$ cat entry.txt   # compact mmCIF, C-alpha atoms and all ligand atoms
# COMPACT_ATOMS: atom_id res chain seq x y z
CA MET Z 28 0.81 15.47 -14.60
CA GLU Z 29 3.20 18.43 -15.13
CA THR Z 30 0.62 20.89 -13.81
CA MET Z 31 0.29 18.78 -10.69
CA PHE Z 32 4.06 18.68 -10.21
CA LYS Z 33 4.22 22.44 -10.61
CA LYS Z 34 1.49 22.93 -8.00
CA LEU Z 35 3.07 20.45 -5.62
CA THR Z 36 6.49 22.05 -5.96
CA SER Z 37 5.23 25.52 -5.14
CA LEU Z 38 3.21 24.15 -2.21
CA ILE Z 39 6.31 22.47 -0.81
CA ARG Z 40 8.29 25.67 -1.23
CA GLU Z 41 5.59 27.74 0.50
CA SER Z 42 5.16 25.35 3.45
CA ASP Z 43 7.01 25.44 6.77
CA ASN Z 44 7.66 21.73 6.45
CA VAL Z 45 6.16 18.63 4.85
CA MET Z 46 4.73 15.59 6.59
CA ILE Z 47 4.14 12.47 4.55
CA MET Z 48 1.62 9.77 5.38
CA ALA Z 49 0.66 6.56 3.58
CA HIS Z 50 -1.74 3.78 4.45
CA HIS Z 51 -1.97 1.49 7.42
CA ASP Z 52 0.12 -1.68 7.08
CA ILE Z 53 2.51 0.21 4.83
CA ASP Z 54 3.86 -1.61 1.76
CA MET Z 55 6.82 -1.08 -0.55
CA ASP Z 56 4.93 1.25 -2.89
CA ALA Z 57 3.75 3.46 -0.06
CA PHE Z 58 7.10 3.33 1.68
CA GLY Z 59 9.24 3.83 -1.43
CA SER Z 60 7.18 6.78 -2.64
CA SER Z 61 7.21 8.32 0.86
CA LEU Z 62 11.00 8.11 0.91
CA ALA Z 63 11.27 9.56 -2.60
CA LEU Z 64 9.11 12.52 -1.64
CA TYR Z 65 11.06 12.86 1.61
CA GLU Z 66 14.29 13.24 -0.38
CA ILE Z 67 12.67 15.63 -2.84
CA VAL Z 68 11.40 17.89 -0.04
CA ARG Z 69 14.80 17.90 1.63
CA SER Z 70 16.45 18.81 -1.64
CA PHE Z 71 14.42 22.05 -1.45
CA ASP Z 72 16.04 22.72 1.95
CA LYS Z 73 12.79 22.01 3.72
CA LYS Z 74 12.26 19.71 6.66
CA ALA Z 75 10.36 16.52 5.90
CA TYR Z 76 8.86 13.78 8.06
CA VAL Z 77 7.32 10.39 7.37
CA PHE Z 78 4.55 8.95 9.53
CA LEU Z 79 5.27 5.35 10.43
CA GLU Z 80 3.65 3.12 13.00
CA ASN Z 81 5.18 0.25 14.90
CA LEU Z 82 6.47 -2.27 12.36
CA LYS Z 83 6.61 -5.39 14.49
CA ASP Z 84 4.84 -7.63 11.95
CA ASN Z 85 6.03 -5.95 8.79
CA VAL Z 86 9.10 -8.00 7.90
CA ALA Z 87 9.69 -6.49 4.45
CA ILE Z 88 9.54 -2.87 5.62
CA SER Z 89 11.64 -3.64 8.71
CA HIS Z 90 14.25 -5.07 6.37
CA ALA Z 91 14.09 -1.97 4.16
CA LEU Z 92 14.56 0.19 7.26
CA GLU Z 93 17.70 -1.76 8.19
CA CYS Z 94 19.09 -1.10 4.70
CA LEU Z 95 18.41 2.63 5.12
CA GLU Z 96 20.21 2.61 8.45
CA LYS Z 97 23.19 0.72 7.04
CA THR Z 98 23.45 3.24 4.23
CA LYS Z 99 23.18 6.02 6.80
CA ILE Z 100 20.09 7.49 5.22
CA ASP Z 101 18.54 9.38 8.06
CA VAL Z 102 14.76 9.57 7.84
CA HIS Z 103 12.78 11.43 10.46
CA PHE Z 104 9.82 9.21 11.29
CA LEU Z 105 6.80 10.38 13.24
CA ASN Z 106 3.93 8.75 15.04
CA GLU Z 107 0.61 9.91 16.44
CA GLU Z 108 2.24 10.87 19.75
CA ASP Z 109 5.11 13.04 18.65
CA TYR Z 110 4.13 14.77 15.40
CA LEU Z 111 2.63 17.82 17.10
CA LYS Z 112 6.14 18.75 18.28
CA TYR Z 113 7.10 19.32 14.65
CA LYS Z 114 3.83 20.41 13.13
CA LYS Z 115 3.68 24.08 12.30
CA GLU Z 116 0.87 26.38 11.32
CA ASN Z 117 1.77 26.05 7.67
CA SER Z 118 2.80 22.39 7.51
CA LEU Z 119 1.81 20.49 4.41
CA LEU Z 120 0.49 16.93 4.75
CA VAL Z 121 0.98 14.77 1.66
CA ILE Z 122 -1.01 11.54 1.65
CA LEU Z 123 0.37 8.81 -0.61
CA ASP Z 124 -1.00 5.53 -1.99
CA VAL Z 125 -4.40 5.88 -0.29
CA TYR Z 126 -7.19 8.42 -0.12
CA LYS Z 127 -9.69 6.97 2.33
CA LYS Z 128 -9.36 8.41 5.79
CA GLU Z 129 -10.06 5.15 7.58
CA MET Z 130 -7.21 3.42 5.73
CA LEU Z 131 -4.56 5.98 6.71
CA GLU Z 132 -1.67 5.12 8.98
CA PHE Z 133 -3.05 7.59 11.57
CA PRO Z 134 -6.57 8.63 10.46
CA ASN Z 135 -7.11 11.27 13.17
CA VAL Z 136 -4.01 13.21 12.24
CA VAL Z 137 -5.67 14.66 9.11
CA ASP Z 138 -8.04 16.68 11.31
CA GLN Z 139 -5.07 18.75 12.49
CA PHE Z 140 -4.03 19.87 8.99
CA GLN Z 141 -5.32 22.70 6.86
CA ASN Z 142 -3.07 21.92 3.92
CA ILE Z 143 -3.47 18.44 2.53
CA VAL Z 144 -2.55 16.93 -0.83
CA VAL Z 145 -3.50 13.40 -1.89
CA ILE Z 146 -1.55 11.42 -4.49
CA ASP Z 147 -2.89 7.96 -5.19
CA HIS Z 148 -3.32 5.39 -7.94
CA HIS Z 149 -6.37 3.50 -6.67
CA VAL Z 150 -9.74 3.82 -8.35
CA LYS Z 151 -11.65 6.51 -6.52
CA ASN Z 152 -15.22 5.48 -5.91
CA HIS Z 153 -15.77 7.29 -2.63
CA LYS Z 154 -15.71 10.93 -1.64
CA ILE Z 155 -12.69 12.21 0.23
CA THR Z 156 -14.03 13.11 3.67
CA TYR Z 157 -11.40 15.71 4.61
CA PRO Z 158 -10.53 19.02 2.97
CA THR Z 159 -7.68 18.95 0.45
CA ILE Z 160 -5.83 21.59 -1.54
CA PHE Z 161 -5.79 19.16 -4.42
CA GLU Z 162 -5.91 15.47 -5.09
CA TYR Z 163 -4.15 13.65 -7.89
CA ILE Z 164 -5.57 10.21 -8.39
CA ALA Z 165 -4.34 8.28 -11.42
CA PRO Z 166 -5.88 4.80 -11.48
CA ASP Z 167 -4.27 4.05 -14.83
CA LEU Z 168 -0.83 4.12 -13.22
CA SER Z 169 0.73 1.04 -11.65
CA SER Z 170 1.92 2.64 -8.46
CA VAL Z 171 2.66 5.87 -6.66
CA ASN Z 172 6.32 5.10 -7.28
CA GLU Z 173 5.62 5.49 -10.99
CA ILE Z 174 4.27 8.99 -10.23
CA MET Z 175 7.30 9.75 -8.06
CA VAL Z 176 9.65 8.69 -10.86
CA ASP Z 177 7.92 11.20 -13.13
CA TYR Z 178 8.27 13.84 -10.43
CA LEU Z 179 11.99 13.11 -10.12
CA LYS Z 180 12.34 13.36 -13.90
CA TYR Z 181 10.37 16.63 -13.93
CA LEU Z 182 12.67 18.08 -11.26
CA ASN Z 183 15.76 16.54 -12.83
CA LYS Z 184 16.62 14.94 -9.51
CA LYS Z 185 17.68 11.49 -8.31
CA VAL Z 186 17.24 9.57 -5.09
CA ASN Z 187 19.71 7.44 -3.20
CA PRO Z 188 20.17 3.99 -4.84
CA VAL Z 189 18.74 2.22 -1.77
CA ILE Z 190 15.57 4.30 -2.03
CA ALA Z 191 15.48 3.64 -5.79
CA THR Z 192 15.68 -0.08 -4.97
CA ILE Z 193 12.78 0.14 -2.51
CA MET Z 194 10.78 2.05 -5.14
CA LEU Z 195 11.48 -0.62 -7.75
CA ALA Z 196 10.43 -3.34 -5.30
CA GLY Z 197 7.22 -1.34 -4.76
CA ILE Z 198 6.45 -1.24 -8.47
CA GLU Z 199 7.16 -4.95 -8.74
CA ILE Z 200 4.76 -5.78 -5.91
CA ASP Z 201 1.99 -3.43 -7.02
CA THR Z 202 2.08 -4.85 -10.55
CA ASN Z 203 2.37 -8.45 -9.34
CA GLN Z 204 5.73 -8.74 -11.15
CA PHE Z 205 4.84 -6.48 -14.07
CA ASN Z 206 1.58 -8.27 -14.84
CA VAL Z 207 -1.21 -6.06 -13.53
CA LYS Z 208 -1.64 -2.41 -14.60
CA THR Z 209 1.69 -2.50 -16.40
CA THR Z 210 2.21 -0.07 -19.25
CA ASP Z 211 5.19 1.18 -21.24
CA LYS Z 212 5.47 3.91 -18.59
CA THR Z 213 5.83 1.31 -15.86
CA TYR Z 214 8.82 -0.22 -17.62
CA GLU Z 215 10.21 3.26 -18.21
CA ALA Z 216 9.92 3.98 -14.49
CA ALA Z 217 11.72 0.70 -13.73
CA ALA Z 218 14.41 1.62 -16.27
CA PHE Z 219 14.87 5.05 -14.67
CA LEU Z 220 15.22 3.53 -11.21
CA THR Z 221 17.74 1.00 -12.52
CA ARG Z 222 19.66 3.82 -14.22
CA ILE Z 223 19.96 5.82 -10.99
CA GLY Z 224 21.27 2.79 -9.13
CA ALA Z 225 18.44 0.47 -8.06
CA ASP Z 226 20.15 -2.79 -7.18
CA HIS Z 227 18.46 -5.94 -8.41
CA ILE Z 228 20.22 -8.13 -5.86
CA LEU Z 229 19.18 -5.93 -2.95
CA LYS Z 230 15.66 -5.82 -4.41
CA GLN Z 231 15.48 -9.61 -4.34
CA MET Z 232 16.76 -9.58 -0.77
CA LEU Z 233 14.02 -7.13 0.19
CA LEU Z 234 11.37 -9.34 -1.37
CA LYS Z 235 12.57 -12.58 0.22
CA GLU Z 236 10.35 -14.53 2.54
CA ASP Z 237 10.58 -17.26 5.10
CA ARG Z 238 10.57 -20.75 3.56
CA ASN Z 239 8.27 -22.28 6.16
CA ARG Z 240 5.78 -19.52 5.72
CA TYR Z 241 5.82 -20.09 1.97
CA LEU Z 242 5.31 -23.83 2.32
CA LYS Z 243 2.51 -23.37 4.80
CA ARG Z 244 0.78 -20.99 2.42
CA GLN Z 245 1.06 -23.45 -0.45
CA ARG Z 246 -0.86 -26.01 1.60
CA PHE Z 247 -3.80 -23.63 1.66
CA VAL Z 248 -3.45 -22.69 -2.00
CA LYS Z 249 -3.75 -26.40 -2.67
CA ARG Z 250 -6.96 -26.56 -0.62
CA SER Z 251 -8.59 -23.71 -2.52
CA PHE Z 252 -11.61 -24.33 -4.71
CA MET Z 253 -13.79 -22.60 -7.31
CA ILE Z 254 -17.15 -21.32 -6.03
CA ASN Z 255 -18.43 -20.58 -9.53
CA LYS Z 256 -16.93 -20.24 -12.97
CA ASN Z 257 -14.61 -17.33 -12.18
CA MET Z 258 -14.21 -17.01 -8.41
CA ALA Z 259 -11.87 -18.96 -6.16
CA MET Z 260 -12.07 -19.37 -2.42
CA CYS Z 261 -9.77 -20.60 0.27
CA ILE Z 262 -10.74 -21.36 3.85
CA MET Z 263 -7.87 -21.43 6.34
CA ASP Z 264 -7.81 -23.62 9.45
CA ASP Z 265 -8.67 -22.24 12.89
CA GLU Z 266 -5.15 -21.03 13.68
CA HIS Z 267 -4.44 -17.29 13.83
CA TYR Z 268 -3.04 -15.57 10.73
CA GLU Z 269 -1.89 -12.14 9.72
CA ARG Z 270 -3.92 -10.13 7.24
CA LYS Z 271 -0.96 -10.22 4.91
CA ASP Z 272 -0.84 -14.03 4.85
CA LEU Z 273 -4.44 -14.10 3.69
CA ALA Z 274 -3.87 -11.33 1.13
CA VAL Z 275 -0.90 -13.12 -0.39
CA ILE Z 276 -2.91 -16.32 -0.82
CA ALA Z 277 -5.71 -14.34 -2.46
CA GLU Z 278 -3.16 -12.84 -4.85
CA GLU Z 279 -1.73 -16.23 -5.67
CA LEU Z 280 -5.18 -17.61 -6.51
CA LEU Z 281 -5.52 -14.91 -9.16
CA LYS Z 282 -2.69 -16.57 -11.09
CA PHE Z 283 -4.78 -19.61 -11.93
CA ASP Z 284 -6.84 -20.28 -15.06
CA GLU Z 285 -10.39 -18.89 -14.96
CA VAL Z 286 -9.90 -17.07 -11.65
CA GLU Z 287 -11.01 -13.43 -11.87
CA ALA Z 288 -11.66 -12.87 -8.17
CA SER Z 289 -10.50 -14.64 -5.05
CA PHE Z 290 -11.62 -14.72 -1.43
CA VAL Z 291 -9.60 -16.04 1.49
CA ILE Z 292 -11.24 -16.53 4.88
CA GLY Z 293 -9.11 -16.91 7.97
CA ARG Z 294 -8.92 -16.12 11.65
CA LEU Z 295 -6.92 -13.15 12.99
CA ASP Z 296 -7.59 -13.93 16.65
CA ASP Z 297 -10.13 -15.74 18.80
CA GLU Z 298 -12.87 -13.19 18.04
CA THR Z 299 -12.09 -12.03 14.52
CA VAL Z 300 -12.53 -13.71 11.16
CA TYR Z 301 -11.03 -11.83 8.22
CA VAL Z 302 -11.84 -12.01 4.53
CA SER Z 303 -9.24 -10.90 2.02
CA ALA Z 304 -10.54 -10.37 -1.52
CA ARG Z 305 -8.62 -9.75 -4.72
CA SER Z 306 -9.62 -9.24 -8.35
CA ILE Z 307 -7.77 -9.00 -11.65
CA GLY Z 308 -9.92 -5.97 -12.43
CA LEU Z 309 -13.11 -7.29 -14.05
CA ILE Z 310 -14.98 -7.96 -10.81
CA ASN Z 311 -15.39 -5.26 -8.16
CA VAL Z 312 -14.53 -7.06 -4.93
CA GLU Z 313 -14.93 -3.90 -2.88
CA SER Z 314 -18.69 -3.94 -3.41
CA TYR Z 315 -18.86 -7.48 -1.97
CA MET Z 316 -16.69 -6.60 1.02
CA GLU Z 317 -18.80 -3.52 1.70
CA GLN Z 318 -21.86 -5.75 1.97
CA LEU Z 319 -20.03 -7.53 4.79
CA GLY Z 320 -19.13 -4.26 6.52
CA GLY Z 321 -15.66 -3.90 5.03
CA GLY Z 322 -14.09 -1.89 2.26
CA GLY Z 323 -11.01 -1.30 0.16
CA HIS Z 324 -10.60 -0.83 -3.55
CA THR Z 325 -12.07 -2.40 -6.67
CA THR Z 326 -9.25 -4.92 -7.01
CA GLU Z 327 -8.31 -5.36 -3.35
CA ALA Z 328 -10.69 -5.28 -0.44
CA ALA Z 329 -11.30 -6.94 2.90
CA THR Z 330 -13.57 -7.17 5.89
CA SER Z 331 -13.33 -8.43 9.42
CA MET Z 332 -16.21 -10.00 11.29
CA LYS Z 333 -16.55 -10.63 15.01
CA ASN Z 334 -17.67 -13.75 16.81
CA LYS Z 335 -18.41 -15.92 13.80
CA THR Z 336 -16.99 -19.22 12.69
CA LEU Z 337 -15.09 -19.55 9.44
CA MET Z 338 -17.99 -21.51 8.01
CA GLU Z 339 -20.58 -18.90 9.00
CA VAL Z 340 -18.54 -16.24 7.24
CA LYS Z 341 -18.14 -18.51 4.23
CA ASP Z 342 -21.92 -19.04 4.00
CA GLU Z 343 -22.63 -15.32 4.30
CA LEU Z 344 -20.08 -14.49 1.65
CA ILE Z 345 -21.34 -17.12 -0.76
CA LYS Z 346 -24.88 -15.77 -0.40
CA ILE Z 347 -23.64 -12.30 -1.31
CA LEU Z 348 -21.60 -13.60 -4.23
CA ASN Z 349 -24.67 -15.38 -5.53
CA GLY Z 350 -26.66 -12.15 -5.20
CA GLU Z 351 -29.08 -13.64 -2.68
MN MN Z 401 0.34 1.31 -4.33
$ encode --input "entry.txt" --output "structure tokens"
Amino acid sequence: METMFKKLTSLIRESDNVMIMAHHDIDMDAFGSSLALYEIVRSFDKKAYVFLENLKDNVAISHALECLEKTKIDVHFLNEEDYLKYKKENSLLVILDVYKKEMLEFPNVVDQFQNIVVIDHHVKNHKITYPTIFEYIAPDLSSVNEIMVDYLKYLNKKVNPVIATIMLAGIEIDTNQFNVKTTDKTYEAAAFLTRIGADHILKQMLLKEDRNRYLKRQRFVKRSFMINKNMAMCIMDDEHYERKDLAVIAEELLKFDEVEASFVIGRLDDETVYVSARSIGLINVESYMEQLGGGGHTTEAATSMKNKTLMEVKDELIKILNGE
């Protein structure tokens, strides 16, 4: 990893400025690591920017943003409309927590960059379809925040305690509370963040959720069922849900005995049925979602299907799961 940090550092120093982009529907890992890199770049007296789309449905990240504002941490955010004002000939684009173009916050933006670096921790089973200077993909690591902690240690730098808190929340979410992909290094990263001021009360505030939403979700968890010896499924009702609601249920199903993969089918709007799939790591749910026109990663994947009923999608999925 040290060689990578060395390369990244000299690239940052050589660039006019650095633009940071994570994945669509940004989460705490992507956001925390973007902020960490933002602070690192600025500590080199370079301008940095973070791509961020409209956050209307993203309660957790909106809350994190409020904390940044309260602490007077000024982050320069960009979107697809305004980034060209700041982009220079020799701007560096660093992509975090994702490598697939179609999953980026703003996929088309990559076409405008000559200098791109990718830092991710998801298993890479597809080619990167855009030119990069280098890519660092470490699927054995819990989160990109864990990588950013090592980068901070390498540079002998710290981040603001609020950012450290967001990073810690990111590690906690990506490891499903230190259960999945957790190693001694994950705990060391958490210890480092705590040492530089991550606040466990603020972290809990950031991870809070609405009680009614929780209770509603539990109703569906209760309705879930096993489709074979190691896969669980949950079919929502015909109301409209957010992708995240379905993903969280899929993650909860993984907590139960025998469940190695989970599939949650629900409606996003009148036309679209969405399937959210999760795995503890033994079953590749991405391959199933690809067969339904979707994608993702080995342990988390999804697909959306137009003009079908929940039951039609269920039947199609079960056929695929049974290898028919
Ligand atoms: Mn992540």
$ atom_distance --input "entry.txt" --atom1 "atom CA of Z:Ser306" --atom2 "atom CA of Z:Glu287"
5.6 Å
$ closest_atom_pairs --input "entry.txt" --of "chain Z" --to "ligand MN 401 (chain Z)" --cutoff "12 Å" --atoms "all atoms listed in the file" --output "Markdown table"
| residue | atom | partner | partner_atom | distance |
| --- | --- | --- | --- | --- |
| Z:Ala49 | CA | Z:MN401 | MN | 9.5 |
| Z:His50 | CA | Z:MN401 | MN | 9.4 |
| Z:His51 | CA | Z:MN401 | MN | 12.0 |
| Z:Asp52 | CA | Z:MN401 | MN | 11.8 |
| Z:Ile53 | CA | Z:MN401 | MN | 9.5 |
| Z:Asp54 | CA | Z:MN401 | MN | 7.6 |
| Z:Met55 | CA | Z:MN401 | MN | 7.9 |
| Z:Asp56 | CA | Z:MN401 | MN | 4.8 |
| Z:Ala57 | CA | Z:MN401 | MN | 5.9 |
| Z:Phe58 | CA | Z:MN401 | MN | 9.3 |
| Z:Gly59 | CA | Z:MN401 | MN | 9.7 |
| Z:Ser60 | CA | Z:MN401 | MN | 8.9 |
| Z:Ser61 | CA | Z:MN401 | MN | 11.1 |
| Z:Ile122 | CA | Z:MN401 | MN | 11.9 |
| Z:Leu123 | CA | Z:MN401 | MN | 8.4 |
| Z:Asp124 | CA | Z:MN401 | MN | 5.0 |
| Z:Val125 | CA | Z:MN401 | MN | 7.7 |
| Z:Tyr126 | CA | Z:MN401 | MN | 11.2 |
| Z:Ile146 | CA | Z:MN401 | MN | 10.3 |
| Z:Asp147 | CA | Z:MN401 | MN | 7.4 |
| Z:His148 | CA | Z:MN401 | MN | 6.6 |
| Z:His149 | CA | Z:MN401 | MN | 7.4 |
| Z:Val150 | CA | Z:MN401 | MN | 11.1 |
| Z:Ile164 | CA | Z:MN401 | MN | 11.4 |
| Z:Ala165 | CA | Z:MN401 | MN | 11.0 |
| Z:Pro166 | CA | Z:MN401 | MN | 10.1 |
| Z:Asp167 | CA | Z:MN401 | MN | 11.8 |
| Z:Leu168 | CA | Z:MN401 | MN | 9.4 |
| Z:Ser169 | CA | Z:MN401 | MN | 7.3 |
| Z:Ser170 | CA | Z:MN401 | MN | 4.6 |
| Z:Val171 | CA | Z:MN401 | MN | 5.6 |
| Z:Asn172 | CA | Z:MN401 | MN | 7.7 |
| Z:Glu173 | CA | Z:MN401 | MN | 9.5 |
| Z:Ile174 | CA | Z:MN401 | MN | 10.5 |
| Z:Met175 | CA | Z:MN401 | MN | 11.6 |
| Z:Met194 | CA | Z:MN401 | MN | 10.5 |
| Z:Leu195 | CA | Z:MN401 | MN | 11.8 |
| Z:Ala196 | CA | Z:MN401 | MN | 11.2 |
| Z:Gly197 | CA | Z:MN401 | MN | 7.4 |
| Z:Ile198 | CA | Z:MN401 | MN | 7.8 |
| Z:Glu199 | CA | Z:MN401 | MN | 10.3 |
| Z:Ile200 | CA | Z:MN401 | MN | 8.5 |
| Z:Asp201 | CA | Z:MN401 | MN | 5.7 |
| Z:Thr202 | CA | Z:MN401 | MN | 8.9 |
| Z:Asn203 | CA | Z:MN401 | MN | 11.2 |
| Z:Val207 | CA | Z:MN401 | MN | 11.9 |
| Z:Lys208 | CA | Z:MN401 | MN | 11.1 |
| Z:His324 | CA | Z:MN401 | MN | 11.2 |
| Z:Thr326 | CA | Z:MN401 | MN | 11.7 |
| Z:Glu327 | CA | Z:MN401 | MN | 11.0 |
$ closest_residue --input "entry.txt" --among "Z:Asp72, Z:Glu317, Z:Glu269, Z:Glu285" --to "Z:Asp43" --atoms "only C-alpha atoms"
Z:Asp72
$ residues_around --input "entry.txt" --residues "Z:Pro158" --least-positions-apart "6" --cutoff "10 Å" --atoms "only C-alpha atoms" --output "number ranges by chain"
Z: 137-138, 140-144
$ closest_residue --input "entry.txt" --among "Z:Asn187, Z:Asn206, Z:Thr325, Z:Asn349" --to "Z:Ile254" --atoms "only C-alpha atoms"
Z:Asn349
$ axis_aligned_box --input "entry.txt" --around "stretch 230-237 of chain Z" --padding-each-side "4 Å" --output "AutoDock Vina command-line options"
--center_x 13.6 --center_y -11.5 --center_z 0.3 --size_x 14.4 --size_y 19.4 --size_z 17.5
$ atom_distance --input "entry.txt" --atom1 "atom CA of Z:Lys185" --atom2 "atom CA of Z:Lys74"
17.9 Å
$ atom_distance --input "entry.txt" --atom1 "atom CA of Z:Lys112" --atom2 "atom CA of Z:Ser42"
16.3 Å
$ residues_near_point --input "entry.txt" --point "(-0.1, 8.0, 7.7)" --cutoff "7 Å" --atoms "only C-alpha atoms" --output "list in words"
Ile47, Met48, Ala49, His50, His51, Phe78, Leu79, Leu131, Glu132 and Phe133 of chain Z
$ residues_near_point --input "entry.txt" --point "(-13.7, -8.5, 8.1)" --cutoff "6 Å" --atoms "only C-alpha atoms" --output "list of chain:residue names"
Z:Tyr301, Z:Val302, Z:Gly321, Z:Ala329, Z:Thr330, Z:Ser331, Z:Met332
$ closest_residue --input "entry.txt" --among "Z:Val248, Z:Leu295, Z:Asp284, Z:Thr98" --to "Z:His267" --atoms "only C-alpha atoms"
Z:Leu295
$ residues_around --input "entry.txt" --residues "stretch 273-283 of chain Z" --least-positions-apart "6" --cutoff "7 Å" --atoms "all atoms listed in the file" --output "list in words"
Arg244, Val248, Ala259, Ser289, Phe290, Val291, Gly293, Ser303, Ala304, Arg305 and Ile307 of chain Z
$ residues_around --input "entry.txt" --residues "Z:Met31" --least-positions-apart "5" --cutoff "10 Å" --atoms "all atoms listed in the file" --output "list of chain:residue names"
Z:Thr36, Z:Ile146, Z:Phe161, Z:Glu162, Z:Tyr163, Z:Tyr178
$ closest_residue --input "entry.txt" --among "Z:Tyr65, Z:Ile190, Z:Val176, Z:Asp84" --to "Z:Asp226" --atoms "only C-alpha atoms"
Z:Ile190
$ closest_residue --input "entry.txt" --among "Z:His90, Z:Lys333, Z:Lys212, Z:Lys243" --to "Z:Tyr268" --atoms "all atoms listed in the file"
Z:Lys243
$ closest_residue --input "entry.txt" --among "Z:Phe32, Z:Val86, Z:Arg240, Z:Thr156" --to "Z:Lys128" --atoms "only C-alpha atoms"
Z:Thr156
$ decode --input "entry.txt" --residues "stretch 153-159 of chain Z" --atoms "all heavy atoms" --output "PDB file, in the first residue's frame"
ATOM      1  N   HIS Z 153     -14.953  -7.112 -13.193  1.00  0.00           N
ATOM      2  CA  HIS Z 153     -15.235  -6.530 -14.504  1.00  0.00           C
ATOM      3  C   HIS Z 153     -14.063  -5.635 -14.872  1.00  0.00           C
ATOM      4  O   HIS Z 153     -13.379  -5.130 -13.999  1.00  0.00           O
ATOM      5  CB  HIS Z 153     -16.512  -5.695 -14.466  1.00  0.00           C
ATOM      6  CG  HIS Z 153     -17.738  -6.531 -14.329  1.00  0.00           C
ATOM      7  ND1 HIS Z 153     -18.412  -7.020 -15.391  1.00  0.00           N
ATOM      8  CD2 HIS Z 153     -18.382  -6.983 -13.227  1.00  0.00           C
ATOM      9  CE1 HIS Z 153     -19.444  -7.750 -14.953  1.00  0.00           C
ATOM     10  NE2 HIS Z 153     -19.442  -7.737 -13.651  1.00  0.00           N
ATOM     11  N   LYS Z 154     -13.898  -5.421 -16.156  1.00  0.00           N
ATOM     12  CA  LYS Z 154     -12.854  -4.499 -16.612  1.00  0.00           C
ATOM     13  C   LYS Z 154     -13.270  -3.068 -16.328  1.00  0.00           C
ATOM     14  O   LYS Z 154     -14.447  -2.737 -16.398  1.00  0.00           O
ATOM     15  CB  LYS Z 154     -12.684  -4.662 -18.123  1.00  0.00           C
ATOM     16  CG  LYS Z 154     -11.701  -5.718 -18.512  1.00  0.00           C
ATOM     17  CD  LYS Z 154     -10.892  -5.249 -19.755  1.00  0.00           C
ATOM     18  CE  LYS Z 154      -9.825  -6.244 -20.115  1.00  0.00           C
ATOM     19  NZ  LYS Z 154     -10.346  -7.299 -20.997  1.00  0.00           N
ATOM     20  N   ILE Z 155     -12.294  -2.225 -16.051  1.00  0.00           N
ATOM     21  CA  ILE Z 155     -12.583  -0.795 -15.934  1.00  0.00           C
ATOM     22  C   ILE Z 155     -12.632  -0.235 -17.347  1.00  0.00           C
ATOM     23  O   ILE Z 155     -11.711  -0.449 -18.138  1.00  0.00           O
ATOM     24  CB  ILE Z 155     -11.517  -0.099 -15.061  1.00  0.00           C
ATOM     25  CG1 ILE Z 155     -11.642  -0.612 -13.621  1.00  0.00           C
ATOM     26  CG2 ILE Z 155     -11.689   1.418 -15.111  1.00  0.00           C
ATOM     27  CD1 ILE Z 155     -10.753   0.052 -12.615  1.00  0.00           C
ATOM     28  N   THR Z 156     -13.725   0.461 -17.659  1.00  0.00           N
ATOM     29  CA  THR Z 156     -13.972   0.833 -19.062  1.00  0.00           C
ATOM     30  C   THR Z 156     -13.473   2.232 -19.401  1.00  0.00           C
ATOM     31  O   THR Z 156     -13.830   2.777 -20.430  1.00  0.00           O
ATOM     32  CB  THR Z 156     -15.476   0.749 -19.377  1.00  0.00           C
ATOM     33  OG1 THR Z 156     -16.167   1.590 -18.431  1.00  0.00           O
ATOM     34  CG2 THR Z 156     -15.988  -0.666 -19.267  1.00  0.00           C
ATOM     35  N   TYR Z 157     -12.694   2.835 -18.504  1.00  0.00           N
ATOM     36  CA  TYR Z 157     -12.140   4.165 -18.794  1.00  0.00           C
ATOM     37  C   TYR Z 157     -10.661   4.123 -18.443  1.00  0.00           C
ATOM     38  O   TYR Z 157     -10.235   3.291 -17.632  1.00  0.00           O
ATOM     39  CB  TYR Z 157     -12.875   5.241 -17.973  1.00  0.00           C
ATOM     40  CG  TYR Z 157     -13.070   4.873 -16.523  1.00  0.00           C
ATOM     41  CD1 TYR Z 157     -12.097   5.148 -15.569  1.00  0.00           C
ATOM     42  CD2 TYR Z 157     -14.220   4.186 -16.093  1.00  0.00           C
ATOM     43  CE1 TYR Z 157     -12.263   4.783 -14.243  1.00  0.00           C
ATOM     44  CE2 TYR Z 157     -14.390   3.824 -14.762  1.00  0.00           C
ATOM     45  CZ  TYR Z 157     -13.406   4.129 -13.851  1.00  0.00           C
ATOM     46  OH  TYR Z 157     -13.570   3.749 -12.540  1.00  0.00           O
ATOM     47  N   PRO Z 158      -9.860   4.998 -19.080  1.00  0.00           N
ATOM     48  CA  PRO Z 158      -8.418   4.934 -18.832  1.00  0.00           C
ATOM     49  C   PRO Z 158      -8.053   5.464 -17.442  1.00  0.00           C
ATOM     50  O   PRO Z 158      -8.593   6.478 -16.999  1.00  0.00           O
ATOM     51  CB  PRO Z 158      -7.840   5.843 -19.916  1.00  0.00           C
ATOM     52  CG  PRO Z 158      -8.953   6.705 -20.358  1.00  0.00           C
ATOM     53  CD  PRO Z 158     -10.231   6.002 -20.082  1.00  0.00           C
ATOM     54  N   THR Z 159      -7.166   4.753 -16.757  1.00  0.00           N
ATOM     55  CA  THR Z 159      -6.728   5.206 -15.433  1.00  0.00           C
ATOM     56  C   THR Z 159      -5.201   5.294 -15.391  1.00  0.00           C
ATOM     57  O   THR Z 159      -4.522   4.619 -16.159  1.00  0.00           O
ATOM     58  CB  THR Z 159      -7.153   4.214 -14.334  1.00  0.00           C
ATOM     59  OG1 THR Z 159      -6.532   2.949 -14.609  1.00  0.00           O
ATOM     60  CG2 THR Z 159      -8.652   4.034 -14.284  1.00  0.00           C
TER      61      THR Z 159
END
